[in-house]
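Structure data follow from query.tsv (TSV, C-alpha atoms (C1' of nucleotides)):
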chain	number	residue	atom	x	y	z
A	1	MET	CA	-76.00	74.31	-97.18
A	2	ALA	CA	-74.16	77.26	-98.75
A	3	ALA	CA	-74.52	80.48	-96.77
A	4	GLY	CA	-77.73	81.57	-95.08
A	5	GLU	CA	-78.79	81.20	-91.50
A	6	PRO	CA	-78.29	77.92	-89.72
A	7	GLN	CA	-81.43	75.97	-90.32
A	8	ARG	CA	-81.64	73.55	-87.46
A	9	ASN	CA	-80.50	73.54	-83.94
A	10	THR	CA	-78.69	70.27	-83.83
A	11	LYS	CA	-77.04	68.91	-80.75
A	12	GLN	CA	-73.74	68.83	-82.63
A	13	ARG	CA	-73.91	72.48	-83.54
A	14	GLN	CA	-74.73	73.43	-79.98
A	15	VAL	CA	-71.84	71.50	-78.52
A	16	ILE	CA	-69.37	72.77	-81.12
A	17	LEU	CA	-70.30	76.39	-80.44
A	18	GLU	CA	-70.39	75.86	-76.69
A	19	GLU	CA	-66.96	74.27	-76.53
A	20	LEU	CA	-65.43	76.80	-78.89
A	21	CYS	CA	-66.68	79.68	-76.76
A	22	LYS	CA	-65.35	78.02	-73.63
A	23	LEU	CA	-61.88	77.67	-75.09
A	24	LYS	CA	-59.63	80.70	-75.08
A	25	SER	CA	-57.06	79.07	-77.29
A	26	HIS	CA	-58.36	79.79	-80.80
A	27	PRO	CA	-58.28	76.11	-81.61
A	28	THR	CA	-57.89	74.53	-85.02
A	29	ALA	CA	-60.74	72.42	-86.30
A	30	ALA	CA	-58.89	69.28	-85.27
A	31	GLU	CA	-58.26	70.55	-81.75
A	32	LEU	CA	-61.88	71.48	-81.30
A	33	TYR	CA	-62.87	68.10	-82.68
A	34	GLN	CA	-60.88	66.41	-79.92
A	35	VAL	CA	-62.61	68.46	-77.24
A	36	VAL	CA	-66.08	67.99	-78.68
A	37	ARG	CA	-65.56	64.25	-78.97
A	38	GLU	CA	-65.33	64.00	-75.21
A	39	LYS	CA	-68.95	65.06	-75.00
A	40	MET	CA	-70.08	63.48	-78.22
A	41	PRO	CA	-67.86	60.56	-79.18
A	42	ARG	CA	-69.55	59.73	-82.46
A	43	ILE	CA	-69.30	63.20	-84.00
A	44	SER	CA	-67.29	63.36	-87.20
A	45	LEU	CA	-64.56	65.77	-88.17
A	46	GLY	CA	-66.52	66.67	-91.28
A	47	THR	CA	-69.40	67.85	-89.12
A	48	VAL	CA	-67.05	70.05	-87.13
A	49	TYR	CA	-65.72	71.62	-90.31
A	50	ARG	CA	-69.19	72.11	-91.75
A	51	ASN	CA	-70.50	73.75	-88.63
A	52	LEU	CA	-67.51	75.99	-88.10
A	53	GLU	CA	-67.81	77.18	-91.66
A	54	LEU	CA	-71.53	77.79	-91.27
A	55	LEU	CA	-71.17	79.58	-87.93
A	56	ALA	CA	-68.43	81.76	-89.37
A	57	LYS	CA	-70.58	82.65	-92.38
A	58	ASN	CA	-73.29	83.74	-89.99
A	59	ARG	CA	-70.78	85.77	-87.98
A	60	ILE	CA	-71.50	83.82	-84.83
A	61	ILE	CA	-67.86	82.88	-84.63
A	62	GLN	CA	-64.77	84.09	-86.45
A	63	LYS	CA	-62.54	82.17	-88.77
A	64	LEU	CA	-58.93	83.29	-88.52
A	65	ASP	CA	-57.93	81.96	-91.88
A	66	THR	CA	-54.93	84.17	-92.32
A	67	ILE	CA	-53.11	83.25	-89.16
A	68	GLY	CA	-50.78	80.34	-89.63
A	69	VAL	CA	-51.20	77.41	-91.89
A	70	GLU	CA	-54.21	75.71	-90.37
A	71	ALA	CA	-57.38	77.71	-89.98
A	72	ARG	CA	-58.14	78.69	-86.41
A	73	PHE	CA	-61.47	79.66	-84.97
A	74	ASP	CA	-62.51	82.23	-82.41
A	75	GLY	CA	-65.76	82.07	-80.47
A	76	ASN	CA	-65.83	85.85	-80.31
A	77	PRO	CA	-67.17	87.28	-83.58
A	78	ALA	CA	-66.29	90.88	-82.64
A	79	ARG	CA	-63.43	92.22	-84.67
A	80	HIS	CA	-60.28	92.21	-82.64
A	81	ASN	CA	-56.66	91.52	-83.35
A	82	HIS	CA	-54.57	88.50	-82.69
A	83	ILE	CA	-51.05	87.71	-81.77
A	84	ARG	CA	-49.25	84.57	-82.70
A	85	CYS	CA	-46.32	83.08	-80.85
A	86	THR	CA	-43.32	82.45	-83.08
A	87	ASP	CA	-42.21	79.64	-80.79
A	88	CYS	CA	-45.25	77.46	-80.22
A	89	GLY	CA	-47.71	78.85	-82.75
A	90	CYS	CA	-50.45	79.60	-80.22
A	91	VAL	CA	-52.75	82.54	-80.83
A	92	GLY	CA	-53.80	85.18	-78.29
A	93	ASP	CA	-56.14	88.16	-78.31
A	94	LEU	CA	-55.39	91.85	-78.46
A	95	HIS	CA	-58.40	94.04	-77.83
A	96	ASP	CA	-57.02	97.47	-77.11
A	97	ILE	CA	-55.94	98.59	-80.53
A	98	PRO	CA	-57.01	102.17	-81.17
A	99	GLY	CA	-59.73	102.34	-83.79
A	100	ASP	CA	-58.05	105.19	-85.60
A	101	PHE	CA	-54.56	103.73	-85.81
A	102	LEU	CA	-55.12	103.37	-89.49
A	103	ASP	CA	-54.29	106.77	-90.83
A	104	GLN	CA	-56.85	108.22	-93.22
A	105	ARG	CA	-54.28	108.56	-95.94
A	106	PHE	CA	-54.23	104.79	-96.33
A	107	LYS	CA	-57.94	104.53	-96.93
A	108	GLN	CA	-57.24	104.75	-100.61
A	109	ALA	CA	-54.08	103.32	-102.09
A	110	ASN	CA	-53.02	102.71	-105.65
A	111	GLY	CA	-56.58	102.58	-106.83
A	112	TRP	CA	-57.57	99.97	-104.27
A	113	LYS	CA	-60.60	100.53	-102.10
A	114	ILE	CA	-59.52	99.62	-98.60
A	115	ILE	CA	-62.41	98.24	-96.62
A	116	GLY	CA	-60.59	96.96	-93.61
A	117	CYS	CA	-57.48	95.43	-92.26
A	118	ARG	CA	-56.40	92.70	-89.95
A	119	ILE	CA	-53.21	92.83	-87.99
A	120	GLU	CA	-51.23	89.82	-87.05
A	121	PHE	CA	-48.82	90.62	-84.32
A	122	ILE	CA	-45.90	88.31	-83.93
A	123	GLY	CA	-44.41	87.73	-80.55
A	124	ILE	CA	-43.57	85.30	-77.83
A	125	CYS	CA	-46.25	84.09	-75.46
A	126	PRO	CA	-45.76	84.13	-71.68
A	127	GLY	CA	-45.15	80.40	-71.56
A	128	CYS	CA	-42.46	80.43	-74.20
A	129	ARG	CA	-40.87	83.49	-72.64
A	130	ASN	CA	-40.35	81.45	-69.51
A	131	ILE	CA	-38.89	78.59	-71.49
A	132	ARG	CA	-36.51	80.96	-73.23
A	133	GLN	CA	-35.53	82.48	-69.92
A	134	ASP	CA	-34.73	79.04	-68.54
A	135	LYS	CA	-32.57	78.29	-71.57
A	136	SER	CA	-31.15	81.83	-71.73
A	137	ILE	CA	-32.38	82.34	-75.28
A	138	PRO	CA	-32.66	86.01	-76.22
A	139	GLU	CA	-36.07	87.35	-77.24
A	140	ALA	CA	-34.96	89.77	-79.93
A	141	ASP	CA	-35.97	87.81	-83.00
A	142	SER	CA	-36.71	84.18	-83.39
A	143	GLY	CA	-35.54	84.07	-86.98
A	144	LYS	CA	-38.73	82.31	-87.96
A	145	SER	CA	-41.53	83.75	-90.02
A	146	GLN	CA	-40.35	86.22	-92.62
B	1	MET	CA	-31.09	70.88	-97.21
B	2	ALA	CA	-32.37	72.69	-94.13
B	3	ALA	CA	-31.51	76.40	-93.92
B	4	GLY	CA	-28.11	77.83	-94.80
B	5	GLU	CA	-27.01	79.68	-97.88
B	6	PRO	CA	-27.86	78.31	-101.29
B	7	GLN	CA	-24.98	76.14	-102.29
B	8	ARG	CA	-25.15	76.02	-106.02
B	9	ASN	CA	-26.31	78.35	-108.70
B	10	THR	CA	-28.53	76.06	-110.67
B	11	LYS	CA	-30.31	77.11	-113.80
B	12	GLN	CA	-33.61	76.26	-112.12
B	13	ARG	CA	-32.96	78.51	-109.16
B	14	GLN	CA	-31.96	81.36	-111.43
B	15	VAL	CA	-35.08	81.11	-113.55
B	16	ILE	CA	-37.38	80.79	-110.55
B	17	LEU	CA	-35.94	83.89	-108.91
B	18	GLU	CA	-35.87	85.79	-112.17
B	19	GLU	CA	-39.49	85.07	-113.04
B	20	LEU	CA	-40.68	85.75	-109.51
B	21	CYS	CA	-39.01	89.15	-109.50
B	22	LYS	CA	-40.51	89.97	-112.86
B	23	LEU	CA	-44.02	89.19	-111.67
B	24	LYS	CA	-45.81	91.82	-109.63
B	25	SER	CA	-48.62	89.49	-108.72
B	26	HIS	CA	-47.27	87.70	-105.62
B	27	PRO	CA	-47.88	84.36	-107.27
B	28	THR	CA	-48.55	81.08	-105.57
B	29	ALA	CA	-46.05	78.30	-106.07
B	30	ALA	CA	-48.29	76.72	-108.67
B	31	GLU	CA	-48.70	79.95	-110.59
B	32	LEU	CA	-44.97	80.54	-110.65
B	33	TYR	CA	-44.49	76.94	-111.72
B	34	GLN	CA	-46.65	77.59	-114.79
B	35	VAL	CA	-44.60	80.63	-115.74
B	36	VAL	CA	-41.26	78.95	-115.16
B	37	ARG	CA	-42.31	75.95	-117.21
B	38	GLU	CA	-42.52	78.12	-120.30
B	39	LYS	CA	-38.78	78.64	-120.07
B	40	MET	CA	-37.93	75.29	-118.61
B	41	PRO	CA	-40.55	72.69	-119.50
B	42	ARG	CA	-39.03	69.80	-117.55
B	43	ILE	CA	-38.83	71.56	-114.19
B	44	SER	CA	-40.85	69.94	-111.44
B	45	LEU	CA	-43.22	71.53	-108.97
B	46	GLY	CA	-41.19	70.07	-106.14
B	47	THR	CA	-38.15	71.98	-107.31
B	48	VAL	CA	-40.14	75.19	-107.34
B	49	TYR	CA	-41.28	74.59	-103.78
B	50	ARG	CA	-37.79	73.68	-102.61
B	51	ASN	CA	-36.23	76.75	-104.16
B	52	LEU	CA	-38.88	79.15	-102.97
B	53	GLU	CA	-38.47	77.82	-99.47
B	54	LEU	CA	-34.70	78.10	-99.67
B	55	LEU	CA	-34.75	81.59	-101.15
B	56	ALA	CA	-37.19	82.72	-98.47
B	57	LYS	CA	-35.00	81.29	-95.72
B	58	ASN	CA	-32.12	83.30	-97.10
B	59	ARG	CA	-34.30	86.41	-97.24
B	60	ILE	CA	-33.79	86.77	-100.95
B	61	ILE	CA	-37.52	86.59	-101.43
B	62	GLN	CA	-40.44	86.75	-99.05
B	63	LYS	CA	-42.98	84.09	-98.24
B	64	LEU	CA	-46.40	85.55	-97.51
B	65	ASP	CA	-47.65	82.56	-95.62
B	66	THR	CA	-50.35	84.36	-93.71
B	67	ILE	CA	-52.19	85.82	-96.64
B	68	GLY	CA	-54.86	83.55	-97.91
B	69	VAL	CA	-54.88	79.80	-97.92
B	70	GLU	CA	-52.11	79.09	-100.37
B	71	ALA	CA	-48.70	80.53	-99.67
B	72	ARG	CA	-47.75	83.41	-101.93
B	73	PHE	CA	-44.30	84.66	-102.69
B	74	ASP	CA	-42.87	88.11	-103.19
B	75	GLY	CA	-39.64	88.79	-105.02
B	76	ASN	CA	-39.04	91.81	-102.78
B	77	PRO	CA	-37.57	90.69	-99.44
B	78	ALA	CA	-37.96	94.14	-97.84
B	79	ARG	CA	-40.65	94.22	-95.21
B	80	HIS	CA	-43.72	95.91	-96.54
B	81	ASN	CA	-47.42	95.36	-96.18
B	82	HIS	CA	-49.88	93.72	-98.46
B	83	ILE	CA	-53.44	94.13	-99.45
B	84	ARG	CA	-55.69	91.36	-100.59
B	85	CYS	CA	-58.72	91.76	-102.79
B	86	THR	CA	-61.86	90.28	-101.28
B	87	ASP	CA	-63.27	89.72	-104.74
B	88	CYS	CA	-60.56	87.99	-106.73
B	89	GLY	CA	-58.01	87.15	-104.03
B	90	CYS	CA	-55.10	88.94	-105.68
B	91	VAL	CA	-52.43	90.53	-103.52
B	92	GLY	CA	-50.95	94.02	-103.89
B	93	ASP	CA	-48.24	96.00	-102.15
B	94	LEU	CA	-48.48	98.83	-99.68
B	95	HIS	CA	-45.19	100.53	-98.95
B	96	ASP	CA	-46.05	103.77	-97.24
B	97	ILE	CA	-47.11	102.60	-93.81
B	98	PRO	CA	-45.59	104.81	-91.11
B	99	GLY	CA	-42.99	102.95	-89.14
B	100	ASP	CA	-44.35	104.21	-85.85
B	101	PHE	CA	-47.99	103.42	-86.39
B	102	LEU	CA	-47.62	100.73	-83.79
B	103	ASP	CA	-48.07	102.62	-80.57
B	104	GLN	CA	-45.48	101.93	-77.92
B	105	ARG	CA	-48.10	100.80	-75.46
B	106	PHE	CA	-48.66	97.69	-77.53
B	107	LYS	CA	-45.07	96.61	-77.41
B	108	GLN	CA	-45.92	94.59	-74.35
B	109	ALA	CA	-49.33	93.02	-73.99
B	110	ASN	CA	-50.67	90.48	-71.53
B	111	GLY	CA	-47.22	89.14	-70.85
B	112	TRP	CA	-46.45	88.63	-74.52
B	113	LYS	CA	-43.27	89.98	-75.99
B	114	ILE	CA	-44.26	91.63	-79.25
B	115	ILE	CA	-41.47	91.41	-81.77
B	116	GLY	CA	-43.29	92.53	-84.87
B	117	CYS	CA	-46.49	92.62	-86.75
B	118	ARG	CA	-47.79	92.12	-90.20
B	119	ILE	CA	-50.82	93.88	-91.52
B	120	GLU	CA	-53.17	92.43	-94.02
B	121	PHE	CA	-55.34	95.08	-95.53
B	122	ILE	CA	-58.53	93.92	-97.11
B	123	GLY	CA	-59.96	95.78	-100.02
B	124	ILE	CA	-61.01	95.72	-103.61
B	125	CYS	CA	-58.45	95.92	-106.35
B	126	PRO	CA	-58.76	98.38	-109.24
B	127	GLY	CA	-59.87	95.67	-111.65
B	128	CYS	CA	-62.64	94.40	-109.42
B	129	ARG	CA	-63.73	97.93	-108.63
B	130	ASN	CA	-64.40	98.39	-112.31
B	131	ILE	CA	-66.31	95.14	-112.48
B	132	ARG	CA	-68.41	96.21	-109.52
B	133	GLN	CA	-69.05	99.57	-111.10
B	134	ASP	CA	-70.25	97.90	-114.26
B	135	LYS	CA	-72.60	95.71	-112.27
B	136	SER	CA	-73.56	98.51	-109.86
B	137	ILE	CA	-72.40	96.50	-106.85
B	138	PRO	CA	-71.66	98.70	-103.81
B	139	GLU	CA	-68.15	98.63	-102.37
B	140	ALA	CA	-69.02	98.90	-98.71
B	141	ASP	CA	-68.40	95.31	-97.65
B	142	SER	CA	-68.13	92.21	-99.72
B	143	GLY	CA	-69.48	89.97	-96.96
B	144	LYS	CA	-66.57	87.64	-97.46
B	145	SER	CA	-63.70	87.07	-95.06
B	146	GLN	CA	-64.62	87.71	-91.47
C	1	DG	C1'	-93.33	63.46	-93.36
C	2	DT	C1'	-89.83	66.49	-95.53
C	3	DG	C1'	-85.61	68.04	-96.10
C	4	DT	C1'	-81.52	69.46	-93.53
C	5	DA	C1'	-77.62	67.69	-90.98
C	6	DT	C1'	-74.89	63.83	-89.73
C	7	DG	C1'	-71.35	59.96	-89.91
C	8	DC	C1'	-68.37	57.73	-92.66
C	9	DA	C1'	-65.14	57.40	-96.05
C	10	DA	C1'	-63.10	58.80	-100.12
C	11	DA	C1'	-61.26	62.36	-102.67
C	12	DG	C1'	-59.12	67.05	-103.40
C	13	DC	C1'	-55.62	70.39	-102.68
C	14	DC	C1'	-51.37	72.13	-101.51
C	15	DT	C1'	-47.04	70.87	-99.94
C	16	DT	C1'	-43.32	67.87	-98.54
C	17	DT	C1'	-40.24	64.05	-99.11
C	18	DG	C1'	-37.60	59.69	-100.73
C	19	DC	C1'	-34.76	58.21	-104.22
C	20	DA	C1'	-31.78	57.54	-108.07
C	21	DG	C1'	-29.45	60.09	-111.47
C	22	DC	C1'	-27.53	64.57	-113.01
C	23	DA	C1'	-24.69	68.58	-112.99
C	24	DT	C1'	-22.33	72.23	-110.39
C	25	DG	C1'	-18.17	73.89	-108.37
D	1	DC	C1'	-15.47	63.72	-108.72
D	2	DA	C1'	-18.11	64.61	-104.56
D	3	DT	C1'	-22.45	65.99	-103.22
D	4	DG	C1'	-26.05	69.31	-103.61
D	5	DC	C1'	-29.91	69.56	-106.70
D	6	DT	C1'	-33.27	67.81	-109.84
D	7	DG	C1'	-37.29	65.19	-111.71
D	8	DC	C1'	-40.49	62.01	-110.65
D	9	DA	C1'	-43.76	60.05	-107.95
D	10	DA	C1'	-45.66	58.87	-103.76
D	11	DA	C1'	-47.13	60.27	-99.39
D	12	DG	C1'	-48.70	63.69	-95.78
D	13	DG	C1'	-51.79	66.90	-93.68
D	14	DC	C1'	-55.73	69.68	-93.76
D	15	DT	C1'	-60.18	70.30	-95.69
D	16	DT	C1'	-64.09	69.28	-98.58
D	17	DT	C1'	-67.60	66.36	-100.45
D	18	DG	C1'	-70.77	62.31	-101.89
D	19	DC	C1'	-73.95	59.35	-100.12
D	20	DA	C1'	-77.15	56.89	-97.30
D	21	DT	C1'	-79.16	57.49	-92.90
D	22	DA	C1'	-80.94	60.00	-88.90
D	23	DC	C1'	-83.26	63.60	-86.81
D	24	DA	C1'	-85.15	68.49	-86.25
D	25	DC	C1'	-89.08	70.96	-87.23

For this file, write the structure as structure tokens.
Amino acid sequence: MAAGEPQRNTKQRQVILEELCKLKSHPTAAELYQVVREKMPRISLGTVYRNLELLAKNRIIQKLDTIGVEARFDGNPARHNHIRCTDCGCVGDLHDIPGDFLDQRFKQANGWKIIGCRIEFIGICPGCRNIRQDKSIPEADSGKSQ
Amino acid sequence: MAAGEPQRNTKQRQVILEELCKLKSHPTAAELYQVVREKMPRISLGTVYRNLELLAKNRIIQKLDTIGVEARFDGNPARHNHIRCTDCGCVGDLHDIPGDFLDQRFKQANGWKIIGCRIEFIGICPGCRNIRQDKSIPEADSGKSQ
DNA sequence: GTGTATGCAAAGCCTTTGCAGCATG
DNA sequence: CATGCTGCAAAGGCTTTGCATACAC
């Protein structure tokens, strides 16, 4: 298959894309597999991986391969930033980052040609904030992740 | 072993830390294992993993677990940003990011409590820039990674 | 009908872990 | 000399891949 445009409009590919776009949770391949199986019980995990990879190559979806250990996928191919919860590991969106936050003086650094950047914010999601509040755990720093 | 301070100063731990600090390449565990084996042929990969994990927990080194697929390690525990080459996958340092680049209005977003962020710059390293120049490949966008 | 995509299962990686023996403090 | 650490090897978890079959075009 390699790169290139998707060749055929298979039912599997449709359902995978459809369910991914419906989800707001930036699921892992395995999570999406579970959801897709409800509509298509005989689909295989390998097919999910193959299609996610292909869709990402064609910029129809986005592969968040630098956030966390398992790859996560986003139905929105537009470049936006993400925030990961240090407590539960879930991933949220952050759209309103100013386009010029990256100062021009970093466009060139140590001989590298900078062509872009991705920010991973680290924080605590609303759900886990509630849990912490219930248990009176401070929010300052979870101690996890670097 | 869990977290906690390192308990004993083993030869293995010394050599692992020493070689990691010598390297500027942010090696993966396997790469560091190769280097360490030259000084200590009978060391096992498991020991390298265990020590890297322990040293990272004690903030003596830094685990770059969000950059790329394999975890990479940095002998410098100070928080600084990294840049990954889209061509060869190598990782470099970026120290001079302004501390206040993160605008205050992002400190709270959608109910999340933001406690930090890590930036992964994407670019082309000096070596690969030369290769591209030799082959007359433009630097605009490699097409890889998102 | 042709060739891509699928389902299934096995294999590939990276990483973690169990265990018995070793060596540090 | 007690026990944390090591080496070894096996297992775990995620992802990729080989192969025969099915299906989109």

Query - Neighbour residues at most 10 Å from (-82.8, 69.8, -94.2) (all atoms listed in the file) as a list in words - result: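 Residues with an atom close enough to that point: Met1, Gln7 and Arg8 of chain A; DT2, DG3, DT4 and DA5 of chain C; DC23, DA24 and DC25 of chain D.
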
With C-alpha atoms (C1' of nucleotides) kept, could you save the residues just selected as a PDB file, in the frame of the given file?
ATOM      1  CA  MET A   1     -76.000  74.310 -97.180  1.00  0.00           C
ATOM      2  CA  GLN A   7     -81.430  75.970 -90.320  1.00  0.00           C
ATOM      3  CA  ARG A   8     -81.640  73.550 -87.460  1.00  0.00           C
TER       4      ARG A   8
ATOM      5  C1'  DT C   2     -89.830  66.490 -95.530  1.00  0.00           C
ATOM      6  C1'  DG C   3     -85.610  68.040 -96.100  1.00  0.00           C
ATOM      7  C1'  DT C   4     -81.520  69.460 -93.530  1.00  0.00           C
ATOM      8  C1'  DA C   5     -77.620  67.690 -90.980  1.00  0.00           C
TER       9       DA C   5
ATOM     10  C1'  DC D  23     -83.260  63.600 -86.810  1.00  0.00           C
ATOM     11  C1'  DA D  24     -85.150  68.490 -86.250  1.00  0.00           C
ATOM     12  C1'  DC D  25     -89.080  70.960 -87.230  1.00  0.00           C
TER      13       DC D  25
END

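Proximity of C:DG18, C:DG25, C:DG12, C:DG1 to chain B, computed with all atoms listed in the file, is greatest for C:DG25.
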
Report task. Please determine the contact residues of chain A with respect to chain C at a cut-off of 12 Å, counting only C-alpha atoms (C1' of nucleotides), and supply them as a ChimeraX atom specification. Result -> /A:1-2,6-13,41-48,50-51,54,69

Report task. For CA of Met40 (chain B) and CA of Ser25 (chain B), determine how far apart the two atoms are, in Å to one decimal place. Result ->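 Here the two named atoms are 20.3 Å from each other.
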
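C1' of DT15 (chain D) to CA of Lys24 (chain B) spans 29.4 Å [interatomic distance, one decimal].
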
Requested in this report: Calculate how many Å separate C1' of DG12 (chain D) from CA of Val36 (chain A), rounding to one decimal.
Outcome: 24.8 Å

Within 8 Å of chain B, which residues of chain D show up when using all atoms listed in the file, listed as a tab-separated table (two decimals) with C-alpha atoms (C1' of nucleotides), keeping the file's coordinate frame?
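Here's the written file out32.tsv:
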chain	number	residue	atom	x	y	z
D	4	DG	C1'	-26.05	69.31	-103.61
D	5	DC	C1'	-29.91	69.56	-106.70
D	6	DT	C1'	-33.27	67.81	-109.84
D	7	DG	C1'	-37.29	65.19	-111.71
D	8	DC	C1'	-40.49	62.01	-110.65

As lines of an AutoDock Vina configuration file, what would the box around region 3-14 of chain D look like: edges along x, y and z, 4 Å added on every side, centre and edge lengths in Å to one decimal?
center_x = -39.1
center_y = 64.3
center_z = -102.7
size_x = 41.3
size_y = 18.8
size_z = 26.0

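When all atoms listed in the file are used to compute distances to chain B, the closest of the residues A:Arg59, A:Ile131, A:Ser136, A:Leu20 turns out to be A:Arg59.
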